[in-house]
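Participant: This is the structure I have questions about; it appears just below.
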Amino acid sequence: MYEGIVQDLIDELGRLPGVGPKSAQRIAFHILAADPVDVLRLADTLRQVKDQVRFCEVCGNVAQEQQCRICRDPRRDVSILCVVEEPKDVVAIEKTREFRGKYHVLGGAISPIDGIGPDDLRIRELMARLADTTVTEVILATDPNLEGEATATYLARLIAPMGLTVSRLASGLPVGGDLEYADEVTLGRAFAGRRALS
Amino acid sequence: MLRTQKLGEADRIVTLLTREHGRVRCVARGVRKTSSRIGARLEPFSHVDIQLYSGKSLDNVSQVETLASHGARLSGDYGAWTAGTAMLETAERMTPEEREPSVQQYALLVSGLRSLAGNEHSATLILDAYLLRSLAVAGWSPSFDQCAKCGAPGPHRAFAVAAGGMVCPTCRPPGSAAPSQGAVQLLGALLSGDWTRADSAQMRVQREASGLVAAFLQWHLEHQLRSLRLVDRQ
């Protein structure tokens, strides 16, 4: 145990995700040894993030204004909506530079075992957006795990009567890998989702 | 595989119900990365052959082979998936002590999930049958054809959760439910495995029976199953 405020700092850092007691201690001593200007800049950034960052009122992505950068961008295709679980999924898809439509962030996936049902996600807001006739295609880009798949199944069932095109991200072999090392579940999905070349 | 929880950057804590070692929690390293070879095998509903090695607090997963993967089939049917999730949570609750062998609960879950994935009956009927039998294996078998208190032969008209099932007019405690004869017959059929009778039950009767099963389960577990209220019964 360290004296007062140093131990408080270690305890606070230790509450962060992925930071254990040893890492918390290492970061705390790094902060103690760092230039005061750097530490104050970090403290200011933390305060600004909490003061200024909010969720976009349209899509649920993180934003500094009422709407996020993507929702404000007039060059984005408003007819295609990509549904993701978390804001970090938006960043991952944006890195591909393949998608020029807009997003809708659900805020998680349906997980009955954790007590998270459809009403706990931003599904009502999604349906309200789809009621506007500008969207013609919905891409369900929830995680490729069971909860993500079940959430996609649930959404597809809700959206189907609206007559929109509903698609799901493909699952299959990772680029750069060897076929022999693929697990049977992923390989099975790759076969099921194979595409014609000619 | 009963449940997975995120751990750190790319790991998961996975909860298993095993044939010989009861409920086991272990760490699967790196399985959240898309390059993981075993991540897809460690999803809830999977029936796997798994090898673990001892760790500091939790064991670590070293190898996994799939025996049956029900996840893909269930996640494509929202009703079956929610029913299956309630079965997984029940299995976890029914095995409160880690590493205490529970062969009957294991066998019951494996056959229940196989039946659910095979679409053999309505998902909610399979769930209710599983819940009743799981309670019976745990020593809380409900009584439907004789009085749960004095053993007087039925049929009786009152259902008392605290008493353990149907009760005669003499033993009937205040506040007992009065289920329809059809619901009582359905519950008996689900417990005994009379699927011909269970499959022919009307939807109204199935819902009534489900309510009684849920009340009975909650009383004995002293805990509400989070997934049970989210079961899709459409």
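Just remember, in the structure tokens the first chain shown is A, the second B, etc., residues are 1-based per chain, and ligands are 1-based in the order shown.
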Stretch 61-198 of chain B: which residues are strand (DSSP E) by DSSP, as a ChimeraX atom specification?
Facilitator: /B:61-69,158-160,165-167
Participant: Report as a JSON list (two decimals) with N, CA, C and O atoms, in the first residue's frame all protein, DNA and RNA residues lying within 8 Å of stretch 86-103 of chain A, evaluated on only C-alpha atoms, omitting residues in the same chain fewer than 4 positions from it.
Facilitator:
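The new file out11.json reads:
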[["chain", "number", "residue", "atom", "x", "y", "z"],
["A", 59, "CYS", "N", -28.02, 8.64, -35.14],
["A", 59, "CYS", "CA", -27.53, 7.27, -35.30],
["A", 59, "CYS", "C", -27.03, 6.63, -34.00],
["A", 59, "CYS", "O", -26.85, 5.42, -33.94],
["A", 60, "GLY", "N", -26.75, 7.40, -32.97],
["A", 60, "GLY", "CA", -26.27, 6.83, -31.71],
["A", 60, "GLY", "C", -24.76, 6.70, -31.65],
["A", 60, "GLY", "O", -24.23, 6.18, -30.66],
["A", 61, "ASN", "N", -24.06, 7.17, -32.69],
["A", 61, "ASN", "CA", -22.59, 7.15, -32.67],
["A", 61, "ASN", "C", -22.08, 8.25, -31.72],
["A", 61, "ASN", "O", -22.83, 9.17, -31.38],
["A", 62, "VAL", "N", -20.81, 8.16, -31.30],
["A", 62, "VAL", "CA", -20.28, 9.24, -30.46],
["A", 62, "VAL", "C", -20.12, 10.50, -31.32],
["A", 62, "VAL", "O", -19.76, 10.42, -32.49],
["A", 70, "ILE", "N", -20.67, 11.82, -39.60],
["A", 70, "ILE", "CA", -21.20, 11.04, -40.73],
["A", 70, "ILE", "C", -22.65, 11.45, -41.03],
["A", 70, "ILE", "O", -23.03, 11.60, -42.19],
["A", 71, "CYS", "N", -23.44, 11.66, -39.98],
["A", 71, "CYS", "CA", -24.83, 12.06, -40.20],
["A", 71, "CYS", "C", -24.93, 13.46, -40.81],
["A", 71, "CYS", "O", -25.88, 13.76, -41.53],
["A", 76, "ARG", "N", -22.80, 11.48, -48.06],
["A", 76, "ARG", "CA", -23.08, 10.08, -47.74],
["A", 76, "ARG", "C", -24.41, 9.65, -48.36],
["A", 76, "ARG", "O", -25.36, 10.44, -48.47],
["A", 77, "ASP", "N", -24.47, 8.38, -48.77],
["A", 77, "ASP", "CA", -25.66, 7.82, -49.40],
["A", 77, "ASP", "C", -26.72, 7.52, -48.33],
["A", 77, "ASP", "O", -26.53, 6.64, -47.48],
["A", 78, "VAL", "N", -27.83, 8.25, -48.38],
["A", 78, "VAL", "CA", -28.85, 8.10, -47.33],
["A", 78, "VAL", "C", -29.75, 6.88, -47.57],
["A", 78, "VAL", "O", -30.57, 6.55, -46.73],
["A", 79, "SER", "N", -29.58, 6.23, -48.76],
["A", 79, "SER", "CA", -30.48, 5.10, -49.05],
["A", 79, "SER", "C", -29.98, 3.79, -48.44],
["A", 79, "SER", "O", -30.70, 2.80, -48.42],
["A", 80, "ILE", "N", -28.74, 3.76, -47.96],
["A", 80, "ILE", "CA", -28.20, 2.52, -47.37],
["A", 80, "ILE", "C", -27.86, 2.78, -45.90],
["A", 80, "ILE", "O", -27.14, 3.73, -45.58],
["A", 81, "LEU", "N", -28.36, 1.92, -45.05],
["A", 81, "LEU", "CA", -28.12, 2.07, -43.61],
["A", 81, "LEU", "C", -27.42, 0.82, -43.10],
["A", 81, "LEU", "O", -27.86, -0.30, -43.35],
["A", 82, "CYS", "N", -26.31, 1.04, -42.41],
["A", 82, "CYS", "CA", -25.55, -0.09, -41.86],
["A", 82, "CYS", "C", -25.78, -0.12, -40.34],
["A", 82, "CYS", "O", -25.49, 0.86, -39.64],
["A", 107, "GLY", "N", -26.14, -0.01, -29.75],
["A", 107, "GLY", "CA", -25.73, 0.07, -28.34],
["A", 107, "GLY", "C", -25.55, -1.29, -27.70],
["A", 107, "GLY", "O", -25.59, -1.41, -26.47],
["A", 108, "GLY", "N", -25.34, -2.32, -28.52],
["A", 108, "GLY", "CA", -25.11, -3.67, -28.00],
["A", 108, "GLY", "C", -25.86, -4.69, -28.82],
["A", 108, "GLY", "O", -26.33, -4.39, -29.92]]
Participant: Tell me the residues of chain B close to chain A, meaning within 9 Å using only C-alpha atoms, as a ChimeraX atom specification.
Facilitator: /B:3,7-9,34-41,43-44,66,69,71-72,74-78,81-82,85-86,88-89,225-231
Participant: For B:Leu109, list every protein, DNA or RNA residue within 8 Å, evaluated using only C-alpha atoms, and leave out those in the same chain fewer than 2 positions away; present the list as a ChimeraX atom specification.
Facilitator: /B:87-88,91,105-107,111-113,130
Participant: Using only C-alpha atoms, please write the residues we just selected to a file, as a CSV table (one decimal), in the first residue's frame.
Facilitator:
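The new file out.csv reads:
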chain,number,residue,atom,x,y,z
B,87,MET,CA,-32.1,-23.5,-20.9
B,88,LEU,CA,-28.5,-22.6,-20.6
B,91,ALA,CA,-28.4,-25.3,-16.3
B,105,GLN,CA,-28.2,-32.2,-15.6
B,106,TYR,CA,-25.6,-32.6,-18.3
B,107,ALA,CA,-27.4,-35.3,-20.1
B,111,SER,CA,-30.7,-33.9,-25.2
B,112,GLY,CA,-32.8,-30.7,-24.7
B,113,LEU,CA,-30.5,-28.7,-27.0
B,130,TYR,CA,-36.6,-29.1,-19.9
Participant: Mind checking which residues fall within 9 Å of B:Val27, counting only C-alpha atoms, ignoring those fewer than 2 positions away in the same chain, and posting them as a PyMOL selection string?
Facilitator: chain B and resi 7+11-15+25+29+55+58-61
Participant: Go ahead and write the residues just picked, all heavy atoms, as a compact mmCIF listing (two decimals), in the first residue's frame.
Facilitator:
# COMPACT_ATOMS: atom_id res chain seq x y z
N LEU B 7 -13.10 -10.85 -21.58
CA LEU B 7 -12.02 -10.66 -20.61
C LEU B 7 -10.87 -9.97 -21.32
O LEU B 7 -10.37 -10.47 -22.34
CB LEU B 7 -11.57 -12.02 -20.05
CG LEU B 7 -10.38 -11.99 -19.10
CD1 LEU B 7 -10.77 -11.34 -17.77
CD2 LEU B 7 -9.85 -13.40 -18.84
N ASP B 11 -9.68 -11.91 -24.89
CA ASP B 11 -9.93 -13.21 -24.25
C ASP B 11 -11.41 -13.32 -23.84
O ASP B 11 -12.14 -12.34 -23.85
CB ASP B 11 -9.05 -13.38 -23.00
CG ASP B 11 -7.58 -13.12 -23.29
OD1 ASP B 11 -7.20 -13.25 -24.48
OD2 ASP B 11 -6.84 -12.78 -22.36
N ARG B 12 -11.77 -14.52 -23.46
CA ARG B 12 -13.11 -14.74 -22.93
C ARG B 12 -13.03 -15.68 -21.74
O ARG B 12 -12.20 -16.59 -21.73
CB ARG B 12 -14.02 -15.43 -23.96
CG ARG B 12 -14.61 -14.52 -25.00
CD ARG B 12 -15.66 -15.29 -25.79
NE ARG B 12 -15.89 -14.72 -27.10
CZ ARG B 12 -16.66 -13.66 -27.33
NH1 ARG B 12 -17.26 -13.07 -26.34
NH2 ARG B 12 -16.81 -13.21 -28.55
N ILE B 13 -13.90 -15.46 -20.76
CA ILE B 13 -14.13 -16.48 -19.74
C ILE B 13 -15.31 -17.31 -20.24
O ILE B 13 -16.35 -16.74 -20.60
CB ILE B 13 -14.48 -15.85 -18.37
CG1 ILE B 13 -13.27 -15.07 -17.84
CG2 ILE B 13 -14.88 -16.92 -17.38
CD1 ILE B 13 -13.55 -14.33 -16.55
N VAL B 14 -15.13 -18.61 -20.33
CA VAL B 14 -16.21 -19.45 -20.81
C VAL B 14 -16.68 -20.37 -19.68
O VAL B 14 -15.88 -20.83 -18.88
CB VAL B 14 -15.81 -20.29 -22.06
CG1 VAL B 14 -15.48 -19.40 -23.22
CG2 VAL B 14 -14.65 -21.20 -21.76
N THR B 15 -17.98 -20.57 -19.62
CA THR B 15 -18.57 -21.45 -18.61
C THR B 15 -19.09 -22.69 -19.32
O THR B 15 -19.85 -22.59 -20.28
CB THR B 15 -19.71 -20.74 -17.87
OG1 THR B 15 -19.23 -19.50 -17.36
CG2 THR B 15 -20.22 -21.59 -16.71
N ARG B 25 -15.51 -23.08 -15.07
CA ARG B 25 -15.21 -21.80 -15.73
C ARG B 25 -13.74 -21.80 -16.11
O ARG B 25 -12.88 -22.25 -15.34
CB ARG B 25 -15.49 -20.62 -14.79
CG ARG B 25 -16.98 -20.45 -14.51
CD ARG B 25 -17.23 -19.43 -13.43
NE ARG B 25 -17.09 -18.07 -13.93
CZ ARG B 25 -16.30 -17.15 -13.39
NH1 ARG B 25 -15.54 -17.44 -12.34
NH2 ARG B 25 -16.24 -15.93 -13.88
N ARG B 29 -7.90 -17.86 -24.34
CA ARG B 29 -7.04 -16.72 -24.73
C ARG B 29 -7.17 -16.41 -26.23
O ARG B 29 -7.12 -17.32 -27.06
CB ARG B 29 -5.58 -17.02 -24.41
CG ARG B 29 -5.35 -17.43 -22.96
CD ARG B 29 -4.86 -16.28 -22.13
NE ARG B 29 -4.78 -16.67 -20.73
CZ ARG B 29 -5.07 -15.88 -19.72
NH1 ARG B 29 -5.46 -14.65 -19.94
NH2 ARG B 29 -4.97 -16.29 -18.47
N GLY B 55 -4.48 -23.13 -14.49
CA GLY B 55 -3.96 -21.76 -14.44
C GLY B 55 -3.92 -21.29 -12.99
O GLY B 55 -4.18 -22.07 -12.08
N LEU B 58 -8.13 -19.60 -12.79
CA LEU B 58 -9.01 -20.35 -13.69
C LEU B 58 -8.16 -21.20 -14.63
O LEU B 58 -7.04 -20.82 -14.97
CB LEU B 58 -9.86 -19.38 -14.53
CG LEU B 58 -10.91 -18.55 -13.79
CD1 LEU B 58 -11.52 -17.53 -14.75
CD2 LEU B 58 -11.99 -19.42 -13.21
N ASP B 59 -8.71 -22.32 -15.06
CA ASP B 59 -8.01 -23.15 -16.04
C ASP B 59 -8.00 -22.45 -17.39
O ASP B 59 -8.82 -21.57 -17.66
CB ASP B 59 -8.70 -24.51 -16.17
CG ASP B 59 -8.51 -25.36 -14.94
OD1 ASP B 59 -7.70 -24.96 -14.07
OD2 ASP B 59 -9.17 -26.40 -14.83
N ASN B 60 -7.08 -22.86 -18.26
CA ASN B 60 -6.97 -22.29 -19.60
C ASN B 60 -7.34 -23.34 -20.65
O ASN B 60 -7.04 -24.52 -20.48
CB ASN B 60 -5.54 -21.81 -19.85
CG ASN B 60 -5.17 -20.66 -18.95
OD1 ASN B 60 -5.52 -19.52 -19.21
ND2 ASN B 60 -4.48 -20.96 -17.86
N VAL B 61 -7.97 -22.86 -21.72
CA VAL B 61 -8.35 -23.76 -22.81
C VAL B 61 -7.14 -23.98 -23.71
O VAL B 61 -6.49 -23.02 -24.11
CB VAL B 61 -9.51 -23.14 -23.64
CG1 VAL B 61 -9.87 -24.05 -24.81
CG2 VAL B 61 -10.71 -22.88 -22.76
Participant: Neighbours of stretch 170-180 of chain B within 6 Å (only C-alpha atoms; same-chain residues fewer than 6 positions away dropped), as a list in words?
Facilitator: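 Final neighbour list, sorted by chain and number: Arg157, Ala158, Phe159 and Ala160 of chain B.
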Participant: Can you spit out the residues from that selection as a short mmCIF file (atom, residue, chain, number, x, y, z; two decimals), in the first residue's frame, using C-alpha atoms?
Facilitator:
data_model
loop_
_atom_site.label_atom_id
_atom_site.label_comp_id
_atom_site.auth_asym_id
_atom_site.auth_seq_id
_atom_site.Cartn_x
_atom_site.Cartn_y
_atom_site.Cartn_z
CA ARG B 157 -57.97 -28.33 -8.99
CA ALA B 158 -55.57 -26.16 -6.96
CA PHE B 159 -51.90 -25.53 -7.71
CA ALA B 160 -49.64 -24.32 -4.88
#
Participant: Show me, as a PyMOL selection string, the residues that have an atom within 12 Å of B:Arg204 when counting only C-alpha atoms, minus same-chain residues fewer than 3 positions from it.
Facilitator: chain B and resi 179-180+182-183+186+200-201+207-211+233-234
Participant: Can you check which residues of stretch 93-146 of chain B DSSP gives as alpha helix (DSSP H) on the backbone and send them as a count of residues only?
Facilitator: 32
Participant: Got a sec: who's within 9 Å of B:Cys147, counting only C-alpha atoms, leaving out chain neighbours fewer than 3 positions off, as an mmCIF file with all heavy atoms, in the first residue's frame?
Facilitator:
data_model
loop_
_atom_site.group_PDB
_atom_site.id
_atom_site.type_symbol
_atom_site.label_atom_id
_atom_site.label_comp_id
_atom_site.auth_asym_id
_atom_site.auth_seq_id
_atom_site.Cartn_x
_atom_site.Cartn_y
_atom_site.Cartn_z
ATOM 1 N N SER B 143 -45.696 -32.323 -8.449
ATOM 2 C CA SER B 143 -46.709 -33.375 -8.465
ATOM 3 C C SER B 143 -47.940 -32.860 -9.184
ATOM 4 O O SER B 143 -48.475 -31.816 -8.826
ATOM 5 C CB SER B 143 -47.056 -33.763 -7.021
ATOM 6 O OG SER B 143 -48.114 -34.672 -7.029
ATOM 7 N N PHE B 144 -48.389 -33.600 -10.214
ATOM 8 C CA PHE B 144 -49.557 -33.153 -10.970
ATOM 9 C C PHE B 144 -50.748 -34.090 -10.835
ATOM 10 O O PHE B 144 -51.874 -33.694 -11.063
ATOM 11 C CB PHE B 144 -49.205 -32.995 -12.452
ATOM 12 C CG PHE B 144 -48.154 -31.946 -12.699
ATOM 13 C CD1 PHE B 144 -46.957 -32.275 -13.309
ATOM 14 C CD2 PHE B 144 -48.360 -30.644 -12.306
ATOM 15 C CE1 PHE B 144 -45.987 -31.317 -13.518
ATOM 16 C CE2 PHE B 144 -47.395 -29.672 -12.513
ATOM 17 C CZ PHE B 144 -46.201 -30.013 -13.116
ATOM 18 N N CYS B 150 -50.401 -34.434 0.845
ATOM 19 C CA CYS B 150 -50.849 -35.655 1.546
ATOM 20 C C CYS B 150 -50.831 -36.888 0.656
ATOM 21 O O CYS B 150 -51.014 -38.000 1.138
ATOM 22 C CB CYS B 150 -52.239 -35.444 2.126
ATOM 23 S SG CYS B 150 -53.520 -35.310 0.865
ATOM 24 N N GLY B 151 -50.621 -36.685 -0.648
ATOM 25 C CA GLY B 151 -50.536 -37.830 -1.553
ATOM 26 C C GLY B 151 -51.884 -38.355 -2.019
ATOM 27 O O GLY B 151 -51.943 -39.384 -2.695
ATOM 28 N N ALA B 152 -52.984 -37.674 -1.672
ATOM 29 C CA ALA B 152 -54.308 -38.118 -2.112
ATOM 30 C C ALA B 152 -54.371 -38.126 -3.637
ATOM 31 O O ALA B 152 -53.961 -37.149 -4.269
ATOM 32 C CB ALA B 152 -55.384 -37.193 -1.547
ATOM 33 N N PRO B 153 -54.886 -39.231 -4.230
ATOM 34 C CA PRO B 153 -54.907 -39.305 -5.701
ATOM 35 C C PRO B 153 -55.807 -38.227 -6.314
ATOM 36 O O PRO B 153 -56.827 -37.870 -5.729
ATOM 37 C CB PRO B 153 -55.443 -40.716 -5.978
ATOM 38 C CG PRO B 153 -56.063 -41.164 -4.706
ATOM 39 C CD PRO B 153 -55.437 -40.438 -3.584
ATOM 40 N N GLY B 154 -55.388 -37.704 -7.467
ATOM 41 C CA GLY B 154 -56.104 -36.624 -8.132
ATOM 42 C C GLY B 154 -57.138 -37.146 -9.093
ATOM 43 O O GLY B 154 -57.506 -38.315 -9.003
ATOM 44 N N PRO B 155 -57.591 -36.335 -10.020
ATOM 45 C CA PRO B 155 -57.085 -34.969 -10.263
ATOM 46 C C PRO B 155 -57.580 -33.951 -9.225
ATOM 47 O O PRO B 155 -58.672 -34.109 -8.692
ATOM 48 C CB PRO B 155 -57.656 -34.638 -11.646
ATOM 49 C CG PRO B 155 -58.868 -35.488 -11.785
ATOM 50 C CD PRO B 155 -58.618 -36.732 -11.000
ATOM 51 N N HIS B 156 -56.702 -32.967 -8.952
ATOM 52 C CA HIS B 156 -57.063 -31.878 -8.044
ATOM 53 C C HIS B 156 -57.135 -30.587 -8.841
ATOM 54 O O HIS B 156 -56.630 -30.501 -9.965
ATOM 55 C CB HIS B 156 -56.030 -31.761 -6.926
ATOM 56 C CG HIS B 156 -55.903 -33.010 -6.118
ATOM 57 N ND1 HIS B 156 -56.930 -33.528 -5.375
ATOM 58 C CD2 HIS B 156 -54.852 -33.875 -5.955
ATOM 59 C CE1 HIS B 156 -56.535 -34.647 -4.782
ATOM 60 N NE2 HIS B 156 -55.278 -34.881 -5.129
ATOM 61 N N GLY B 164 -45.527 -27.692 -3.783
ATOM 62 C CA GLY B 164 -44.855 -28.609 -4.704
ATOM 63 C C GLY B 164 -45.730 -29.129 -5.818
ATOM 64 O O GLY B 164 -45.404 -30.134 -6.441
ATOM 65 N N GLY B 165 -46.862 -28.487 -6.094
ATOM 66 C CA GLY B 165 -47.678 -28.893 -7.234
ATOM 67 C C GLY B 165 -49.163 -28.825 -6.912
ATOM 68 O O GLY B 165 -49.605 -27.935 -6.170
ATOM 69 N N MET B 166 -49.934 -29.780 -7.459
ATOM 70 C CA MET B 166 -51.379 -29.797 -7.243
ATOM 71 C C MET B 166 -51.669 -30.227 -5.800
ATOM 72 O O MET B 166 -50.966 -31.083 -5.248
ATOM 73 C CB MET B 166 -52.046 -30.768 -8.221
ATOM 74 C CG MET B 166 -51.799 -30.453 -9.698
ATOM 75 S SD MET B 166 -52.262 -28.771 -10.187
ATOM 76 C CE MET B 166 -54.044 -28.853 -10.056
ATOM 77 N N VAL B 167 -52.684 -29.610 -5.218
ATOM 78 C CA VAL B 167 -53.049 -29.945 -3.836
ATOM 79 C C VAL B 167 -54.546 -30.229 -3.736
ATOM 80 O O VAL B 167 -55.348 -29.669 -4.499
ATOM 81 C CB VAL B 167 -52.674 -28.805 -2.857
ATOM 82 C CG1 VAL B 167 -51.187 -28.803 -2.546
ATOM 83 C CG2 VAL B 167 -53.104 -27.451 -3.384
ATOM 84 N N CYS B 168 -54.900 -31.104 -2.788
ATOM 85 C CA CYS B 168 -56.310 -31.480 -2.589
ATOM 86 C C CYS B 168 -57.036 -30.348 -1.840
ATOM 87 O O CYS B 168 -56.372 -29.464 -1.280
ATOM 88 C CB CYS B 168 -56.396 -32.797 -1.828
ATOM 89 S SG CYS B 168 -55.818 -32.677 -0.126
ATOM 90 N N CYS B 171 -55.705 -29.769 1.764
ATOM 91 C CA CYS B 171 -54.338 -29.227 1.920
ATOM 92 C C CYS B 171 -54.159 -27.873 1.249
ATOM 93 O O CYS B 171 -53.118 -27.237 1.419
ATOM 94 C CB CYS B 171 -53.305 -30.193 1.336
ATOM 95 S SG CYS B 171 -53.309 -31.810 2.135
#
